[in-house]
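K.L.:
Starting off with a structure, shown below.
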Amino acid sequence: MNDKSLLLGRRTFLRGTGVALALPWFETFALGKPGPDETPKRFVSIYHPDGVGLPLRNDPAWKDWSWFPRGGEKDFQLTKVLDVLEPLRSDITIYSGLSHPAARRVHGHSNADQYLTGAPIGGHGPYQNSISLDQAYAEHAESFTRHSSLVMSTNGGVGGPRGAQTQSFNREGRPIPAMNKPKQIFDMLFVTSGKDAAARLARSKSALDFLIDNTRALGRQLSKRDQETLKQYLDAVRDTELKLAKAQMWIDKPIAKVDTHNLHLEAEPKEARLYFQTMYELIYLAFLSDSTRVATFQLGRENGEGPHDLLSRAVGLGAAHHLTHEVKKPEGWKNLGTYNRYQAEEFGRFAQRLKDTPEPTGKGNMLDNTLAMHGSASSSFHLSRNYPIISAGGKNFGFNNGRYLKFGKGNEDNQAGAGIDTDSEWQGKVEVEELPLAKFFVTILQRLGVETDSFGGYTGSLDL
Amino acid sequence: MNTLKITLLLVFGSTCTLLADDGQGTPITLEAAREQGRIKSRFLKDTKLVATVADAIPKANVAYFQKSVMPILNKSCINCHGPKKSEGRLRIDQLNPDLLAGPDVERWREVYNAVSNSEMPPENQSGYALAITDRGNMVDWLSEELNKASLVRRNSKDHSSFRRLTKYEYDYALQDLLGLPYALANKLPPETTTEDGFKNSSELLQISSMQFEIYREIALKALRRATVSGNRRPEAVTYLIPMQQEMDKAASSKDAKIFVKGDERYKNHRNAPHLINRETGKGVSFNSGKSMPTAGAVAGQTPALSPVMLVLPSSSELKLDLDRFLPDEGIMRVRIRAGRSTIKPDEYASLRLMLSAHTSNDANFSQVISQRDIPVTASGDNPQFINFDIPLNDLQRNPFRKLATTYPRRDEFLHIQNVSNASNGEDRLNVLIDYIEISAPYYEQWPPKTHTSIFFASRNKGSEDIYGREVLNRFLRQVWRRPVTSQEVGQFMGLFAKYRPGFATFEDTMLEVLATALATPEFLYLTQRVTTGKTQSAKNISELELASRLAVFLWCSIPDDELLKLAEQGNLRKPEVLAAQVQRMLADPRSRRFSQHFVEQWLGLDGLNSVTHIPAPLKDALEEEPIAFFDEVLRQNHSIMDFIHSDYAVVNEKLAAHYVIPKVYGPHFRKVSINPQTNRGGILTGAAILAMNSDGKDSHPLKRGVWMLKRILHDPPPPPPPNVPEVDLTNPEILKMTLKERIADHRNKAACIACHAKIDPWGIAFENYDALGVFRTSIKNKPVDATSELFNRQTLAGVDGLKRYLLADRQDQFARAMVHKLTAYALGRPLSFGDRADIDGLTAQLRQHDDRLGDLIPLIISSNLFNSR
């Protein structure tokens, strides 16, 4: 086949770096108009399981180890859990009083699946999810980049229903497998050969040419009016052709070269710090090279052992999930807080790196053009309410940072559900008012440039 | 309510046909009303009917404008919107009052909105204030004219039947073509519905590049499922599970609960699943087991009957841990040898399968995987095999089943459930099972028929070129529903040649080519080629196109070989051949799709998905009822007037319980006689219709009224104006009112009265039915008031009164509506004014055929409409 020799030639030319096309072309390349000097808008979501520490006010640990800040919108004080973010104070926003209504009485163990979707997945029986926030944005942004999105987790794959190991779900609500091996991710982004993709592309081109000829032949036998109807079909085929041309463009375009000195591609979760930093560095490089504008990263899975439980070794602690069960033991709140602090520290390091890097197209720094979200689908012990959420960046598309924003009513001091450490509370009555997190998602999508006024069945955005 | 009573008497006095001649003023029976109504039919009196009044081309009412509206405009509007000032650039004096022919419809619509919402004249301009009656008259005239204008616009344009297959037609076509009996096209986006409720209308069946790509993806995937690669039959994973063996395992477990039939402990265990040796009486409690595949086992065994049986009481299940060995793809055949412990005619038992996994403590899922429950009918002494064939590809599986480590857990569980109506008691109905066998992938034969119908045996298999042409020739004829030329086959062979170097085998290459054939417009569209000439036969579609139109109408699919052959031979249009084919097609199980999809669209059963108050098992029964009812009327060739009222219902046990109809047992639908006290009969009082036209808590007379007008009488009301004033539920006066009073209050606003007077009475007549369609005689301790008056002063006293009125006075309208709906569906296009004469003709024929639904289908099929382009 001719394509083979062509491809070989091109690969030689690219000196072995090859070409990448990881997803089928029809998922990756929708039509869009990439204005040449448009500054990228990026979105990344980091998910951590097990929630955060939320001691009662009368607990001696409350002052230092309660996750949420104290004080008002601008004059908030960070506790020891988040004080590592103090240097980035003017680049972050902390949120309280947000959660997905459908999950409020579902066990926290089941809820990582719906953090970015808001779907009513329930606690048992048949399971149906819906599109996640990152993928809703990817549908909009994918035409600008080689990869539609970068989906990562420490555990990899999709996990099981109500035990997700990926944060990303497609429009049909099916999970998108997450990558968890730094080497594979790097190869996918910066090395992989696109041989299969090129062959598939060539076949599709032949098929489209064939269909156009075939349709014309049919058209000649139809009435004028029916020819008009048939034209819709022809238009659909032509649109597909344009997408193919776009896919071809990515195959022809050399892969970005990146500085790899910060990468430790053989790192594994048990070398927690190294692994964690490598994964963040891969997101950074993917953004810097504009290989994608959308990423998700899930730290392991809710409940149960697995690689993610080893991440707490980075701060000298045992299995992460146990920390939440042992808050009432001596040093319990401090231990959980220390682990959460470590997560915040790594998130901060990533945000700082974006902030220290001027935007390649020249407009501000990379953090100003990236909304980085960090959070969990439970706050206190398996309680799927008052999600602890931090966002960083996004200044250039409307995020006004340096604030602590409290939504809802009746829980301004974050004491609802605080101090619990037994399973009896997670299905308790919802006593305080929280706002649907989906409304925040609408705000995010709108600011990223997606024209929508609803997400996951909720209409309207947040006033921030 | 006094005035209403008086009107009732007045009306009854004047239209005495609705009263029995007994001097008591008792209304006549519905049967008598039906007979009387038939006599009145204009279609039966004059067979050469001109266009009926109901569907005449509307004319603009300019005279009324000049007489009554213009003076109002001159008084209250013209000073600001006239020659002196033209606020909002509106010159009211320059608008053409003929909304149908004139160019000013959109301006008039603005006027209508402003005036009906009391935005104009401005409140602070007291000099221009409109009297309530003036506003009412003006709004009435405008709404009438606007409605006519939109009717004219919609119906003046002729539509073509050239259209894409709908999602469901495409799915069935692919299933029938490839022999895969399960849904393949779920990935396609849902179709848009026309104003008439149809999804198969050429007007709205668009195609986008996204859809086009999904077609290609689905086709290739389906072809790969239908065919097999390589000559070796894949080894099946087979679990052999005799209950004798389970008994041995269970009894030797250290916490086994063992008992002997008749002893004290037996009483504690007999109502839960258990194993019992029917010879010795020895038993052990048993509701879950763990099984491993038997190496080298052959499926399809029939072991000797075992004395040890599993006893599965109603609503219980056996949960089998199959570990992690079920393959990813192919059909899983589950064979269960089962019988009933008792045979009582009023009890049934059936089996259902579920698959579940529990990967870590809160990460779990379960799903029903059997398409339908299969009844157990054999006796326990002579149990018979029940087979389930489950395609594994589309199931939610345990994603960890291939892990090398044991956590998260890798197991998958098969649940065998006894779904039954059996009651407790001494001699209760249990399902008895002595042997279970699970095997996947299961093939009836090797290579499977789905494979050999594409890659068939041929002595030319040695030559890729010759055999390739043979394969394409056969496949394309089915896909394009016509014979293909060797030149066309040659073009596909050209594509084959391009693809061939990229694939290892002939078959793999050919699948890509065949997938391309399934993306051609001739597969995806219903074509109608142009021929020249002006005679009817020149306007006719070809016989091959007729075959396709027939298949899509009655099977929602492509024609089979017999239809194609007859069309190729030029015999299909011969009246006796066509009639025989229609009968054959209606007798074929595929025709059930026609009942389902036509009824769903005609009645708008999708509406059931926009309400959330119906419990899931009841919802299925609700949805099925009108389809089963239509199917009954069709197959028994009953009169379509049965849709308005019948002395029978078509129900299953679940629905019968909902309707308080006694002695209906089992999940299948069947016809049962009912008495008037049941307050059912026909489709109008079907719980599906009543429940979907509710607000989730109570009845919704407006929705029900709109539904009646749109779906049954084909006289849709205009859409509501923008910014309709909300009923103020914070007003305590309004809260005190009954729903009917609230509606009356709302209706008395000038902006609302014109439309509501036409809609509400139809809905109020259904007030005896609550949000789930349950009959009631009181609402919040007040007696139900279901009496209403139509705008023609006709009183509808509840549903009985409504049915009586429809049967006595509206038979023609309903018959014509039915013909209209069925014909629009059959043609897959909206009907226009140009089709009126044909619809009238068909209606007259239907009425002469005693309104029989079974006769109407062939009448439509042999009509000029159905045979024309």
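Identifiers in the structure tokens: chain A, B, ... in order shown; residue index from 1 per chain; ligand index from 1 in order shown.
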Hey, list the chain B side of the contact with chain A: 9 Å cut-off, only C-alpha atoms, answer as number ranges by chain.
P.N.:
B: 160-163, 187, 202, 206-213, 356-368, 396-400, 407-408, 491-492, 495, 498-502, 512-513, 516-517, 519-522, 525, 527-531
K.L.:
Counting only C-alpha atoms, what is within 9 Å of Thr357 (chain A), bar same-chain residues fewer than 6 positions away, as a ChimeraX atom specification?
P.N.:
/A:288,364-367
K.L.:
How would you write, as a PyMOL selection string, the set of residues in region 187-316 of chain A that DSSP gives as strand (DSSP E)?
P.N.:
chain A and resi 294-298
K.L.:
Please report, as number ranges by chain, each residue of region 97-155 of chain A to which DSSP assigns helix (DSSP H, G or I) when run on this structure's backbone.
P.N.:
A: 101-103, 108-110, 112-114, 133-144
K.L.:
Would you put the residues from that selection into a file with N, CA and C atoms, as an mmCIF file, in the first residue's frame?
P.N.:
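Result file out-v6.cif:
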```cif
data_model
loop_
_atom_site.group_PDB
_atom_site.id
_atom_site.type_symbol
_atom_site.label_atom_id
_atom_site.label_comp_id
_atom_site.auth_asym_id
_atom_site.auth_seq_id
_atom_site.Cartn_x
_atom_site.Cartn_y
_atom_site.Cartn_z
ATOM 1 N N PRO A 101 -26.928 17.870 43.835
ATOM 2 C CA PRO A 101 -28.114 17.480 44.613
ATOM 3 C C PRO A 101 -28.403 15.977 44.575
ATOM 4 N N ALA A 102 -28.224 15.339 43.413
ATOM 5 C CA ALA A 102 -28.598 13.928 43.304
ATOM 6 C C ALA A 102 -27.727 13.039 44.178
ATOM 7 N N ALA A 103 -26.552 13.548 44.593
ATOM 8 C CA ALA A 103 -25.623 12.698 45.335
ATOM 9 C C ALA A 103 -25.669 12.935 46.831
ATOM 10 N N GLY A 108 -20.472 8.499 50.093
ATOM 11 C CA GLY A 108 -19.299 9.117 49.471
ATOM 12 C C GLY A 108 -18.453 8.139 48.690
ATOM 13 N N HIS A 109 -18.437 6.891 49.100
ATOM 14 C CA HIS A 109 -17.652 5.883 48.379
ATOM 15 C C HIS A 109 -18.079 5.732 46.929
ATOM 16 N N SER A 110 -19.330 6.036 46.633
ATOM 17 C CA SER A 110 -19.850 5.785 45.283
ATOM 18 C C SER A 110 -19.750 7.004 44.385
ATOM 19 N N ALA A 112 -17.278 9.425 43.301
ATOM 20 C CA ALA A 112 -16.272 10.024 42.422
ATOM 21 C C ALA A 112 -16.785 10.075 40.989
ATOM 22 N N ASP A 113 -17.645 9.102 40.633
ATOM 23 C CA ASP A 113 -18.186 8.997 39.279
ATOM 24 C C ASP A 113 -18.918 10.252 38.833
ATOM 25 N N GLN A 114 -19.556 10.915 39.787
ATOM 26 C CA GLN A 114 -20.462 11.998 39.390
ATOM 27 C C GLN A 114 -19.911 13.376 39.695
ATOM 28 N N LEU A 133 -17.819 17.516 32.792
ATOM 29 C CA LEU A 133 -17.513 18.913 32.482
ATOM 30 C C LEU A 133 -16.338 19.037 31.512
ATOM 31 N N ASP A 134 -15.263 18.298 31.765
ATOM 32 C CA ASP A 134 -14.078 18.407 30.912
ATOM 33 C C ASP A 134 -14.394 18.003 29.477
ATOM 34 N N GLN A 135 -15.240 16.950 29.318
ATOM 35 C CA GLN A 135 -15.546 16.499 27.966
ATOM 36 C C GLN A 135 -16.488 17.476 27.264
ATOM 37 N N ALA A 136 -17.365 18.094 28.039
ATOM 38 C CA ALA A 136 -18.238 19.116 27.448
ATOM 39 C C ALA A 136 -17.375 20.248 26.894
ATOM 40 N N TYR A 137 -16.303 20.589 27.626
ATOM 41 C CA TYR A 137 -15.407 21.615 27.097
ATOM 42 C C TYR A 137 -14.562 21.061 25.950
ATOM 43 N N ALA A 138 -14.133 19.808 26.068
ATOM 44 C CA ALA A 138 -13.298 19.212 25.019
ATOM 45 C C ALA A 138 -14.018 19.208 23.670
ATOM 46 N N GLU A 139 -15.337 18.981 23.699
ATOM 47 C CA GLU A 139 -16.097 19.007 22.449
ATOM 48 C C GLU A 139 -15.940 20.352 21.752
ATOM 49 N N HIS A 140 -15.756 21.375 22.563
ATOM 50 C CA HIS A 140 -15.642 22.723 22.033
ATOM 51 C C HIS A 140 -14.195 23.014 21.617
ATOM 52 N N ALA A 141 -13.236 22.532 22.409
ATOM 53 C CA ALA A 141 -11.842 22.951 22.231
ATOM 54 C C ALA A 141 -11.014 21.978 21.391
ATOM 55 N N GLU A 142 -11.575 20.791 21.087
ATOM 56 C CA GLU A 142 -10.735 19.748 20.508
ATOM 57 C C GLU A 142 -10.221 20.095 19.117
ATOM 58 N N SER A 143 -10.915 20.995 18.440
ATOM 59 C CA SER A 143 -10.482 21.266 17.068
ATOM 60 C C SER A 143 -9.161 22.039 17.027
ATOM 61 N N PHE A 144 -8.752 22.585 18.173
ATOM 62 C CA PHE A 144 -7.539 23.399 18.180
ATOM 63 C C PHE A 144 -6.271 22.587 18.412
#
```
K.L.:
Find the residues near region 861-868 of chain B: any atom within 6 Å, counting only C-alpha atoms, skip ones fewer than 5 places away on the same chain, and give them as a list in words.
P.N.:
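After dropping sequence-adjacent residues, the list is Lys539, Asn540 and Ile541 of chain B.
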K.L.:
Emit the selected residues as a PDB file, in the first residue's frame, including C-alpha atoms.
P.N.:
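What ended up in result_27.pdb:
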```pdb
ATOM      1  CA  LYS B 539     -46.442   9.176 -11.297  1.00  0.00           C
ATOM      2  CA  ASN B 540     -46.312   5.797  -9.605  1.00  0.00           C
ATOM      3  CA  ILE B 541     -43.299   4.674  -7.701  1.00  0.00           C
TER       4      ILE B 541
END
```
K.L.:
Considering only C-alpha atoms, tabulate each residue of region 306-346 of chain A that lies at most 10 Å from region 58-71 of chain A along with its nearest interatomic pair and the corresponding distance in Å to one decimal; arrange the rows by chain and ascending residue number and present them as a tab-separated table.
P.N.:
```
residue	atom	partner	partner_atom	distance
A:Val327	CA	A:Ala61	CA	10.0
A:Lys328	CA	A:Asp59	CA	10.0
A:Glu331	CA	A:Ala61	CA	8.6
A:Gly332	CA	A:Ala61	CA	9.0
A:Trp333	CA	A:Trp65	CA	6.2
A:Lys334	CA	A:Trp65	CA	6.0
A:Asn335	CA	A:Trp65	CA	9.0
A:Leu336	CA	A:Trp65	CA	8.3
A:Gly337	CA	A:Trp65	CA	5.5
A:Thr338	CA	A:Trp65	CA	8.2
A:Asn340	CA	A:Trp67	CA	8.1
A:Arg341	CA	A:Trp67	CA	8.8
```
K.L.:
Give me the residues within 12 Å of Pro447 (chain B) as an MDAnalysis selection string, counting only C-alpha atoms and dropping any in the same chain fewer than 2 places off.
P.N.:
chainID B and resid 226:234 442:445 449:457
K.L.:
Can you pull out every residue within 12 Å of Ser424 (chain A), counting only C-alpha atoms, but drop anything in the same chain fewer than 2 positions away, and send it as a list in words?
P.N.:
Arg105, Val106, His107, Phe381, His382, Leu383, Gly417, Ile420, Asp421, Thr422, Trp426, Gln427, Gly428 and Lys429 of chain A
K.L.:
Excluding His269 (chain B) and any residue of its chain fewer than 5 positions from it, enumerate the residues within 9 Å of it, using only C-alpha atoms, and give them as a list in words.
P.N.:
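Counting only the stated atoms, we get Lys257, Phe259, His274, Val284 and Ser285 of chain B.
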K.L.:
Could those selected residues go to a file with N, CA and C atoms, as a short mmCIF file (atom, residue, chain, number, x, y, z; two decimals), in the first residue's frame?
P.N.:
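Now in selection_28.cif:
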```
data_model
loop_
_atom_site.label_atom_id
_atom_site.label_comp_id
_atom_site.auth_asym_id
_atom_site.auth_seq_id
_atom_site.Cartn_x
_atom_site.Cartn_y
_atom_site.Cartn_z
N LYS B 257 -27.72 -25.04 56.60
CA LYS B 257 -28.99 -25.16 57.33
C LYS B 257 -29.76 -26.33 56.72
N PHE B 259 -32.46 -29.53 56.77
CA PHE B 259 -33.75 -29.91 57.36
C PHE B 259 -34.34 -31.06 56.57
N HIS B 274 -34.38 -22.96 48.51
CA HIS B 274 -33.67 -24.09 49.12
C HIS B 274 -33.58 -25.24 48.12
N VAL B 284 -31.75 -28.37 52.11
CA VAL B 284 -30.78 -27.42 52.64
C VAL B 284 -31.07 -26.04 52.09
N SER B 285 -30.96 -25.06 52.94
CA SER B 285 -31.20 -23.68 52.53
C SER B 285 -30.13 -23.27 51.50
#
```
K.L.:
Which distance in Å separates CA of Glu434 (chain A) and CA of Met373 (chain A), to one decimal?
P.N.:
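Straight-line distance from CA of Glu434 (chain A) to CA of Met373 (chain A) works out to 19.1 Å.
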K.L.:
Do you have, as a tab-separated table, the list of residues of region 642-715 of chain B lying at most 12 Å from region 808-832 of chain B, each with its nearest atom pair and that distance in Å to one decimal, counting only C-alpha atoms and ordered by chain then number?
P.N.:
```
residue	atom	partner	partner_atom	distance
B:Asp642	CA	B:Gln811	CA	11.3
B:Phe643	CA	B:Phe814	CA	9.8
B:Ile644	CA	B:Phe814	CA	9.0
B:His645	CA	B:Gln811	CA	11.8
B:Met708	CA	B:Phe814	CA	10.6
B:Leu709	CA	B:Ala817	CA	10.2
B:Lys710	CA	B:Ala817	CA	9.4
B:Arg711	CA	B:Ala817	CA	8.2
B:Ile712	CA	B:Phe814	CA	6.4
B:Leu713	CA	B:Phe814	CA	5.4
B:His714	CA	B:Ala817	CA	5.3
B:Asp715	CA	B:Ala817	CA	8.5
```
K.L.:
Determine, counting only C-alpha atoms, which protein, DNA and RNA residues have an atom within 12 Å of an atom of Glu426 (chain B); residues of the same chain fewer than 6 positions away are not included. Present the result as a list in words.
P.N.:
Gly262, Lys267, Arg270, Asn271, Ser341 and Thr342 of chain B
